[in-house]
$ cat my_file_35.pdb   # PDB, C-alpha atoms, pLDDT in the B column
ATOM      1  CA  MET A   1     -17.320   6.467  15.059  1.00 45.00           C
ATOM      2  CA  SER A   2     -17.204   6.374  18.855  1.00 47.00           C
ATOM      3  CA  PHE A   3     -16.704   2.600  18.757  1.00 49.00           C
ATOM      4  CA  TRP A   4     -13.458   2.987  16.798  1.00 48.00           C
ATOM      5  CA  LYS A   5     -12.183   5.758  19.067  1.00 47.00           C
ATOM      6  CA  ASP A   6     -12.923   3.634  22.127  1.00 49.00           C
ATOM      7  CA  LEU A   7     -11.252   0.621  20.562  1.00 46.00           C
ATOM      8  CA  PHE A   8      -8.178   2.695  19.703  1.00 48.00           C
ATOM      9  CA  LYS A   9      -8.059   4.084  23.259  1.00 46.00           C
ATOM     10  CA  ALA A  10      -8.293   0.566  24.651  1.00 43.00           C
ATOM     11  CA  LYS A  11      -5.357  -0.507  22.482  1.00 47.00           C
ATOM     12  CA  GLU A  12      -3.396   2.549  23.617  1.00 51.00           C
ATOM     13  CA  GLN A  13      -4.001   1.718  27.287  1.00 50.00           C
ATOM     14  CA  GLU A  14      -2.766  -1.817  26.749  1.00 78.00           C
ATOM     15  CA  LYS A  15       0.768  -0.649  25.954  1.00 87.00           C
ATOM     16  CA  THR A  16       3.342  -2.196  28.243  1.00 88.00           C
ATOM     17  CA  GLY A  17       6.256   0.176  27.591  1.00 95.00           C
ATOM     18  CA  LEU A  18       8.312  -2.914  26.775  1.00 97.00           C
ATOM     19  CA  VAL A  19      10.617  -3.088  23.755  1.00 98.00           C
ATOM     20  CA  PHE A  20      12.578  -6.146  22.633  1.00 98.00           C
ATOM     21  CA  ILE A  21      15.818  -5.700  20.694  1.00 98.00           C
ATOM     22  CA  VAL A  22      16.940  -8.845  18.868  1.00 97.00           C
ATOM     23  CA  GLU A  23      20.497  -8.267  17.679  1.00 95.00           C
ATOM     24  CA  ASP A  24      23.536 -10.552  17.739  1.00 91.00           C
ATOM     25  CA  ASN A  25      25.989  -7.622  17.793  1.00 92.00           C
ATOM     26  CA  LYS A  26      25.917  -6.854  21.535  1.00 94.00           C
ATOM     27  CA  PRO A  27      27.647  -3.423  21.410  1.00 96.00           C
ATOM     28  CA  TYR A  28      25.274  -2.314  18.632  1.00 96.00           C
ATOM     29  CA  ALA A  29      22.237  -3.541  20.602  1.00 97.00           C
ATOM     30  CA  GLU A  30      23.400  -1.830  23.789  1.00 97.00           C
ATOM     31  CA  THR A  31      24.057   1.434  21.946  1.00 98.00           C
ATOM     32  CA  LEU A  32      20.578   1.315  20.399  1.00 98.00           C
ATOM     33  CA  LYS A  33      19.098   0.652  23.834  1.00 98.00           C
ATOM     34  CA  VAL A  34      20.826   3.709  25.315  1.00 98.00           C
ATOM     35  CA  PHE A  35      19.783   5.856  22.343  1.00 98.00           C
ATOM     36  CA  LEU A  36      16.107   4.829  22.523  1.00 98.00           C
ATOM     37  CA  GLY A  37      16.053   5.206  26.297  1.00 97.00           C
ATOM     38  CA  ALA A  38      17.157   8.817  25.928  1.00 97.00           C
ATOM     39  CA  GLU A  39      14.912   9.609  22.945  1.00 95.00           C
ATOM     40  CA  VAL A  40      11.600   7.898  23.807  1.00 96.00           C
ATOM     41  CA  PRO A  41      10.431   8.461  27.395  1.00 95.00           C
ATOM     42  CA  ALA A  42       7.427   6.149  26.940  1.00 94.00           C
ATOM     43  CA  ILE A  43       9.734   3.133  26.928  1.00 97.00           C
ATOM     44  CA  GLU A  44       9.740   1.674  30.416  1.00 96.00           C
ATOM     45  CA  GLU A  45      11.854  -1.406  29.769  1.00 97.00           C
ATOM     46  CA  MET A  46      14.043  -2.826  27.007  1.00 98.00           C
ATOM     47  CA  LYS A  47      15.237  -6.406  26.781  1.00 98.00           C
ATOM     48  CA  LEU A  48      18.128  -7.503  24.584  1.00 98.00           C
ATOM     49  CA  PHE A  49      18.272 -10.880  22.873  1.00 97.00           C
ATOM     50  CA  PRO A  50      21.256 -12.213  20.880  1.00 95.00           C
ATOM     51  CA  VAL A  51      19.057 -14.614  18.884  1.00 94.00           C
ATOM     52  CA  GLY A  52      15.391 -14.759  17.993  1.00 94.00           C
ATOM     53  CA  GLU A  53      14.756 -18.059  19.696  1.00 94.00           C
ATOM     54  CA  THR A  54      15.300 -16.469  23.124  1.00 95.00           C
ATOM     55  CA  CYS A  55      12.963 -13.613  22.187  1.00 96.00           C
ATOM     56  CA  LEU A  56      10.215 -16.095  21.297  1.00 97.00           C
ATOM     57  CA  LEU A  57      10.402 -17.575  24.789  1.00 96.00           C
ATOM     58  CA  GLU A  58       9.434 -14.200  26.285  1.00 97.00           C
ATOM     59  CA  LEU A  59       6.623 -13.117  23.930  1.00 97.00           C
ATOM     60  CA  LYS A  60       4.135 -13.727  26.735  1.00 96.00           C
ATOM     61  CA  LYS A  61       5.454 -10.486  28.298  1.00 96.00           C
ATOM     62  CA  ASN A  62       3.634  -8.651  25.470  1.00 95.00           C
ATOM     63  CA  PRO A  63       6.228  -6.251  24.084  1.00 97.00           C
ATOM     64  CA  ASP A  64       4.852  -3.241  22.233  1.00 97.00           C
ATOM     65  CA  ILE A  65       7.702  -3.298  19.734  1.00 97.00           C
ATOM     66  CA  ILE A  66      10.265  -5.823  18.572  1.00 98.00           C
ATOM     67  CA  ILE A  67      13.321  -4.450  16.800  1.00 98.00           C
ATOM     68  CA  ILE A  68      14.999  -7.322  14.997  1.00 96.00           C
ATOM     69  CA  ASP A  69      17.994  -7.856  12.753  1.00 93.00           C
ATOM     70  CA  TYR A  70      17.671 -10.133   9.727  1.00 88.00           C
ATOM     71  CA  PHE A  71      21.142 -11.662   9.964  1.00 86.00           C
ATOM     72  CA  LEU A  72      20.799 -13.323  13.365  1.00 85.00           C
ATOM     73  CA  ASP A  73      22.606 -16.389  12.096  1.00 70.00           C
ATOM     74  CA  SER A  74      25.894 -14.627  11.321  1.00 66.00           C
ATOM     75  CA  LYS A  75      27.373 -15.017  14.815  1.00 68.00           C
ATOM     76  CA  TYR A  76      25.331 -18.002  15.972  1.00 66.00           C
ATOM     77  CA  TYR A  77      25.357 -20.277  12.935  1.00 71.00           C
ATOM     78  CA  ASP A  78      22.506 -22.488  14.083  1.00 80.00           C
ATOM     79  CA  ALA A  79      20.236 -19.537  14.894  1.00 83.00           C
ATOM     80  CA  GLU A  80      17.257 -18.847  12.676  1.00 89.00           C
ATOM     81  CA  THR A  81      17.188 -15.781  10.443  1.00 86.00           C
ATOM     82  CA  GLY A  82      15.174 -12.729  11.413  1.00 89.00           C
ATOM     83  CA  LEU A  83      12.568 -13.609   8.782  1.00 89.00           C
ATOM     84  CA  GLU A  84      11.979 -17.046  10.310  1.00 92.00           C
ATOM     85  CA  ILE A  85      11.610 -15.460  13.750  1.00 95.00           C
ATOM     86  CA  ILE A  86       9.217 -12.828  12.351  1.00 95.00           C
ATOM     87  CA  LYS A  87       7.014 -15.589  10.928  1.00 94.00           C
ATOM     88  CA  GLN A  88       6.812 -17.198  14.370  1.00 96.00           C
ATOM     89  CA  ILE A  89       6.154 -13.859  16.086  1.00 97.00           C
ATOM     90  CA  ARG A  90       3.287 -13.111  13.676  1.00 96.00           C
ATOM     91  CA  THR A  91       1.753 -16.518  14.456  1.00 95.00           C
ATOM     92  CA  GLU A  92       1.901 -15.966  18.202  1.00 95.00           C
ATOM     93  CA  LYS A  93       1.518 -12.155  18.485  1.00 95.00           C
ATOM     94  CA  PRO A  94       0.121 -10.804  15.202  1.00 94.00           C
ATOM     95  CA  GLU A  95      -0.525  -7.328  16.645  1.00 93.00           C
ATOM     96  CA  VAL A  96       3.022  -6.552  17.817  1.00 96.00           C
ATOM     97  CA  ASN A  97       4.935  -3.793  16.009  1.00 96.00           C
ATOM     98  CA  ILE A  98       8.050  -5.159  14.326  1.00 96.00           C
ATOM     99  CA  ILE A  99      10.907  -3.019  13.077  1.00 96.00           C
ATOM    100  CA  VAL A 100      13.537  -4.818  11.007  1.00 95.00           C
ATOM    101  CA  LEU A 101      16.870  -3.054  11.488  1.00 94.00           C
ATOM    102  CA  SER A 102      19.245  -4.731   9.092  1.00 89.00           C
ATOM    103  CA  SER A 103      21.773  -4.447   6.312  1.00 87.00           C
ATOM    104  CA  GLN A 104      19.689  -6.867   4.243  1.00 77.00           C
ATOM    105  CA  GLU A 105      19.791  -5.648   0.650  1.00 79.00           C
ATOM    106  CA  ASP A 106      17.924  -8.449  -1.123  1.00 81.00           C
ATOM    107  CA  ILE A 107      14.834  -6.524  -2.227  1.00 84.00           C
ATOM    108  CA  ASP A 108      12.683  -9.669  -2.343  1.00 85.00           C
ATOM    109  CA  VAL A 109      13.440 -10.461   1.306  1.00 83.00           C
ATOM    110  CA  VAL A 110      12.828  -6.848   2.344  1.00 85.00           C
ATOM    111  CA  LEU A 111       9.512  -6.761   0.464  1.00 86.00           C
ATOM    112  CA  GLU A 112       8.408 -10.032   2.038  1.00 83.00           C
ATOM    113  CA  MET A 113       9.110  -8.666   5.527  1.00 86.00           C
ATOM    114  CA  VAL A 114       7.356  -5.362   4.828  1.00 87.00           C
ATOM    115  CA  LYS A 115       4.365  -6.485   2.786  1.00 89.00           C
ATOM    116  CA  LYS A 116       3.637 -10.042   3.857  1.00 90.00           C
ATOM    117  CA  TYR A 117       4.585  -9.706   7.527  1.00 90.00           C
ATOM    118  CA  ASN A 118       3.686  -6.025   8.071  1.00 92.00           C
ATOM    119  CA  CYS A 119       7.085  -4.885   9.345  1.00 94.00           C
ATOM    120  CA  SER A 120       8.838  -1.548   9.156  1.00 93.00           C
ATOM    121  CA  TYR A 121      12.293  -1.753   7.591  1.00 93.00           C
ATOM    122  CA  VAL A 122      15.261   0.429   8.486  1.00 94.00           C
ATOM    123  CA  LYS A 123      18.608  -0.062   6.790  1.00 93.00           C
ATOM    124  CA  LYS A 124      21.598  -0.108   9.120  1.00 94.00           C
ATOM    125  CA  ASP A 125      23.428   3.073   8.206  1.00 94.00           C
ATOM    126  CA  ALA A 126      24.508   6.351   9.823  1.00 95.00           C
ATOM    127  CA  GLU A 127      20.876   7.496  10.286  1.00 96.00           C
ATOM    128  CA  ALA A 128      19.450   4.151  11.423  1.00 97.00           C
ATOM    129  CA  PHE A 129      19.073   4.989  15.125  1.00 97.00           C
ATOM    130  CA  GLU A 130      17.272   8.245  14.351  1.00 97.00           C
ATOM    131  CA  LYS A 131      14.904   6.478  11.943  1.00 97.00           C
ATOM    132  CA  VAL A 132      14.144   3.735  14.446  1.00 97.00           C
ATOM    133  CA  GLY A 133      13.640   6.387  17.141  1.00 97.00           C
ATOM    134  CA  GLU A 134      11.105   8.195  14.955  1.00 96.00           C
ATOM    135  CA  ILE A 135       9.139   4.998  14.324  1.00 96.00           C
ATOM    136  CA  VAL A 136       9.172   4.021  18.006  1.00 97.00           C
ATOM    137  CA  ALA A 137       8.116   7.530  19.086  1.00 95.00           C
ATOM    138  CA  GLU A 138       5.248   7.427  16.582  1.00 94.00           C
ATOM    139  CA  ILE A 139       4.048   4.076  17.941  1.00 94.00           C
ATOM    140  CA  TYR A 140       3.990   5.494  21.466  1.00 93.00           C
ATOM    141  CA  LYS A 141       2.124   8.694  20.499  1.00 88.00           C
TER     142      LYS A 141
END

$ encode --input "my_file_35.pdb" --output "structure tokens"
Amino acid sequence: MSFWKDLFKAKEQEKTGLVFIVEDNKPYAETLKVFLGAEVPAIEEMKLFPVGETCLLELKKNPDIIIIDYFLDSKYYDAETGLEIIKQIRTEKPEVNIIVLSSQEDIDVVLEMVKKYNCSYVKKDAEAFEKVGEIVAEIYK
């Protein structure tokens, strides 16, 4: 049992305090950043990315959490969808916590993100920031 506790402690100590927010709606992303900064003191730094491709370039910084929208190709038409970016993140950083914050309603897509790619899913609605805040706070406990 001690082995698992030590392993868990080691993982806890490896936290960087870094959160990536991948969202093409800049005011929404900035508002989420301010909200999380006020709600979760363990966050030391947050980086905003308008498309997933730019996020992928910085994965070497080892974020603890990536909050990503599914519809990243709505503003930038040649951008990849959140699901395509998630697939690439899982290949490069399988241990990172991913929270999909989206208005995606296609249940098959949502289930693929949650089950196959081990993501949390939060629907963009009036309570979305609070739900994301709860998940992020739980990760940093």

$ atom_distance --input "my_file_35.pdb" --atom1 "atom CA of A:Val122" --atom2 "atom CA of A:Glu45"
21.6 Å

$ resolve_selection --input "my_file_35.pdb" --expression "the PyMOL selection byres ((chain A and resi 48) around 8)" --output "PyMOL selection string"
chain A and resi 20-23+29-30+46-47+49-50

$ closest_residue --input "my_file_35.pdb" --among "A:Asn62, A:Thr54, A:Glu44, A:Tyr70" --to "A:Pro94" --atoms "only C-alpha atoms"
A:Asn62

$ resolve_selection --input "my_file_35.pdb" --expression "the PyMOL selection byres ((chain A and resi 64) around 9)" --output "compact mmCIF listing (two decimals) with C-alpha atoms, in the coordinates of the input"
# COMPACT_ATOMS: atom_id res chain seq x y z
CA GLU A 14 -2.77 -1.82 26.75
CA LYS A 15 0.77 -0.65 25.95
CA THR A 16 3.34 -2.20 28.24
CA GLY A 17 6.26 0.18 27.59
CA LEU A 18 8.31 -2.91 26.78
CA VAL A 19 10.62 -3.09 23.76
CA PHE A 20 12.58 -6.15 22.63
CA ASN A 62 3.63 -8.65 25.47
CA PRO A 63 6.23 -6.25 24.08
CA ILE A 65 7.70 -3.30 19.73
CA ILE A 66 10.26 -5.82 18.57
CA GLU A 95 -0.52 -7.33 16.64
CA VAL A 96 3.02 -6.55 17.82
CA ASN A 97 4.93 -3.79 16.01
CA ILE A 98 8.05 -5.16 14.33
CA ILE A 139 4.05 4.08 17.94
CA TYR A 140 3.99 5.49 21.47

$ resolve_selection --input "my_file_35.pdb" --expression "the PyMOL selection byres ((chain A and resi 123) around 12)" --output "JSON, numbers by chain"
{"A": [68, 69, 70, 99, 100, 101, 102, 103, 104, 105, 106, 107, 110, 120, 121, 122, 124, 125, 126, 127, 128, 129, 130, 131, 132]}

$ atom_distance --input "my_file_35.pdb" --atom1 "atom CA of A:Leu32" --atom2 "atom CA of A:Glu92"
25.5 Å

$ residues_near_point --input "my_file_35.pdb" --point "(10.1, 8.4, 18.8)" --cutoff "10 Å" --atoms "only C-alpha atoms" --output "ChimeraX atom specification"
/A:36,39-43,130-141

$ residues_around --input "my_file_35.pdb" --residues "A:Glu112" --least-positions-apart "6" --cutoff "10 Å" --atoms "all atoms listed in the file" --output "list in words"
Leu83, Asn118 and Cys119 of chain A

$ write_last_selection --input "my_file_35.pdb" --atoms "C-alpha atoms" --output "mmCIF file, in the frame of the given file"
data_model
loop_
_atom_site.group_PDB
_atom_site.id
_atom_site.type_symbol
_atom_site.label_atom_id
_atom_site.label_comp_id
_atom_site.auth_asym_id
_atom_site.auth_seq_id
_atom_site.Cartn_x
_atom_site.Cartn_y
_atom_site.Cartn_z
ATOM 1 C CA LEU A 83 12.568 -13.609 8.782
ATOM 2 C CA ASN A 118 3.686 -6.025 8.071
ATOM 3 C CA CYS A 119 7.085 -4.885 9.345
#

$ decode --input "my_file_35.pdb" --residues "stretch 98-111 of chain A" --atoms "all heavy atoms" --output "CSV table (one decimal), in the first residue's frame"
chain,number,residue,atom,x,y,z
A,98,ILE,N,-7.8,16.6,-19.1
A,98,ILE,CA,-8.5,17.3,-20.2
A,98,ILE,C,-9.9,17.6,-19.8
A,98,ILE,O,-10.6,16.6,-19.5
A,98,ILE,CB,-8.4,16.6,-21.5
A,98,ILE,CG1,-6.9,16.4,-22.0
A,98,ILE,CG2,-9.2,17.4,-22.6
A,98,ILE,CD1,-6.8,15.7,-23.2
A,99,ILE,N,-10.3,18.8,-19.8
A,99,ILE,CA,-11.7,19.2,-19.6
A,99,ILE,C,-12.2,19.8,-20.9
A,99,ILE,O,-11.7,20.8,-21.4
A,99,ILE,CB,-11.9,20.2,-18.5
A,99,ILE,CG1,-11.3,19.7,-17.2
A,99,ILE,CG2,-13.4,20.6,-18.3
A,99,ILE,CD1,-11.2,20.7,-16.1
A,100,VAL,N,-13.3,19.1,-21.5
A,100,VAL,CA,-13.9,19.7,-22.7
A,100,VAL,C,-15.0,20.6,-22.3
A,100,VAL,O,-15.9,20.2,-21.6
A,100,VAL,CB,-14.4,18.5,-23.6
A,100,VAL,CG1,-15.1,19.1,-24.9
A,100,VAL,CG2,-13.3,17.6,-24.0
A,101,LEU,N,-14.9,21.9,-22.6
A,101,LEU,CA,-15.9,22.9,-22.3
A,101,LEU,C,-16.5,23.3,-23.6
A,101,LEU,O,-15.9,24.0,-24.4
A,101,LEU,CB,-15.3,24.0,-21.5
A,101,LEU,CG,-16.1,25.2,-21.2
A,101,LEU,CD1,-17.3,24.8,-20.4
A,101,LEU,CD2,-15.3,26.3,-20.5
A,102,SER,N,-17.7,22.8,-23.9
A,102,SER,CA,-18.2,23.0,-25.2
A,102,SER,C,-19.8,22.9,-25.3
A,102,SER,O,-20.4,22.5,-24.3
A,102,SER,CB,-17.7,21.9,-26.1
A,102,SER,OG,-18.1,22.0,-27.5
A,103,SER,N,-20.3,23.4,-26.4
A,103,SER,CA,-21.7,23.3,-26.6
A,103,SER,C,-22.1,22.1,-27.5
A,103,SER,O,-23.2,22.0,-28.0
A,103,SER,CB,-22.3,24.6,-27.2
A,103,SER,OG,-21.6,24.9,-28.4
A,104,GLN,N,-21.1,21.2,-27.7
A,104,GLN,CA,-21.3,20.0,-28.5
A,104,GLN,C,-22.4,19.2,-27.9
A,104,GLN,O,-22.4,18.9,-26.7
A,104,GLN,CB,-20.0,19.2,-28.5
A,104,GLN,CG,-20.1,17.8,-29.1
A,104,GLN,CD,-20.5,17.9,-30.6
A,104,GLN,OE1,-21.6,17.7,-30.9
A,104,GLN,NE2,-19.6,18.2,-31.4
A,105,GLU,N,-23.4,18.9,-28.7
A,105,GLU,CA,-24.6,18.2,-28.3
A,105,GLU,C,-24.7,16.8,-28.9
A,105,GLU,O,-25.5,16.0,-28.5
A,105,GLU,CB,-25.8,19.0,-28.5
A,105,GLU,CG,-25.9,20.2,-27.6
A,105,GLU,CD,-27.2,20.9,-27.6
A,105,GLU,OE1,-28.1,20.4,-28.2
A,105,GLU,OE2,-27.2,22.0,-27.1
A,106,ASP,N,-23.8,16.5,-29.9
A,106,ASP,CA,-23.8,15.2,-30.5
A,106,ASP,C,-23.3,14.1,-29.4
A,106,ASP,O,-22.1,14.1,-29.1
A,106,ASP,CB,-22.9,15.1,-31.7
A,106,ASP,CG,-22.9,13.8,-32.4
A,106,ASP,OD1,-23.2,12.8,-31.8
A,106,ASP,OD2,-22.6,13.8,-33.7
A,107,ILE,N,-24.2,13.3,-28.9
A,107,ILE,CA,-23.9,12.4,-27.8
A,107,ILE,C,-22.8,11.4,-28.2
A,107,ILE,O,-22.0,11.1,-27.4
A,107,ILE,CB,-25.2,11.6,-27.4
A,107,ILE,CG1,-24.9,10.9,-26.0
A,107,ILE,CG2,-25.7,10.7,-28.4
A,107,ILE,CD1,-24.7,11.8,-24.9
A,108,ASP,N,-22.7,11.0,-29.5
A,108,ASP,CA,-21.6,10.1,-29.9
A,108,ASP,C,-20.3,10.8,-29.8
A,108,ASP,O,-19.3,10.2,-29.3
A,108,ASP,CB,-21.9,9.6,-31.3
A,108,ASP,CG,-23.1,8.7,-31.4
A,108,ASP,OD1,-23.4,8.0,-30.5
A,108,ASP,OD2,-23.7,8.7,-32.5
A,109,VAL,N,-20.2,12.1,-30.1
A,109,VAL,CA,-18.9,12.8,-30.0
A,109,VAL,C,-18.5,13.0,-28.5
A,109,VAL,O,-17.4,12.8,-28.1
A,109,VAL,CB,-19.0,14.1,-30.7
A,109,VAL,CG1,-17.7,15.0,-30.5
A,109,VAL,CG2,-19.2,13.9,-32.2
A,110,VAL,N,-19.5,13.4,-27.7
A,110,VAL,CA,-19.3,13.5,-26.3
A,110,VAL,C,-18.8,12.2,-25.7
A,110,VAL,O,-17.8,12.2,-24.9
A,110,VAL,CB,-20.6,14.1,-25.6
A,110,VAL,CG1,-20.4,14.1,-24.1
A,110,VAL,CG2,-20.9,15.5,-26.1
A,111,LEU,N,-19.5,11.1,-26.0
A,111,LEU,CA,-19.1,9.8,-25.4
A,111,LEU,C,-17.7,9.4,-25.9
A,111,LEU,O,-16.9,8.9,-25.1
A,111,LEU,CB,-20.1,8.8,-25.8
A,111,LEU,CG,-21.5,8.8,-25.1
A,111,LEU,CD1,-22.4,7.8,-25.6
A,111,LEU,CD2,-21.3,8.6,-23.6
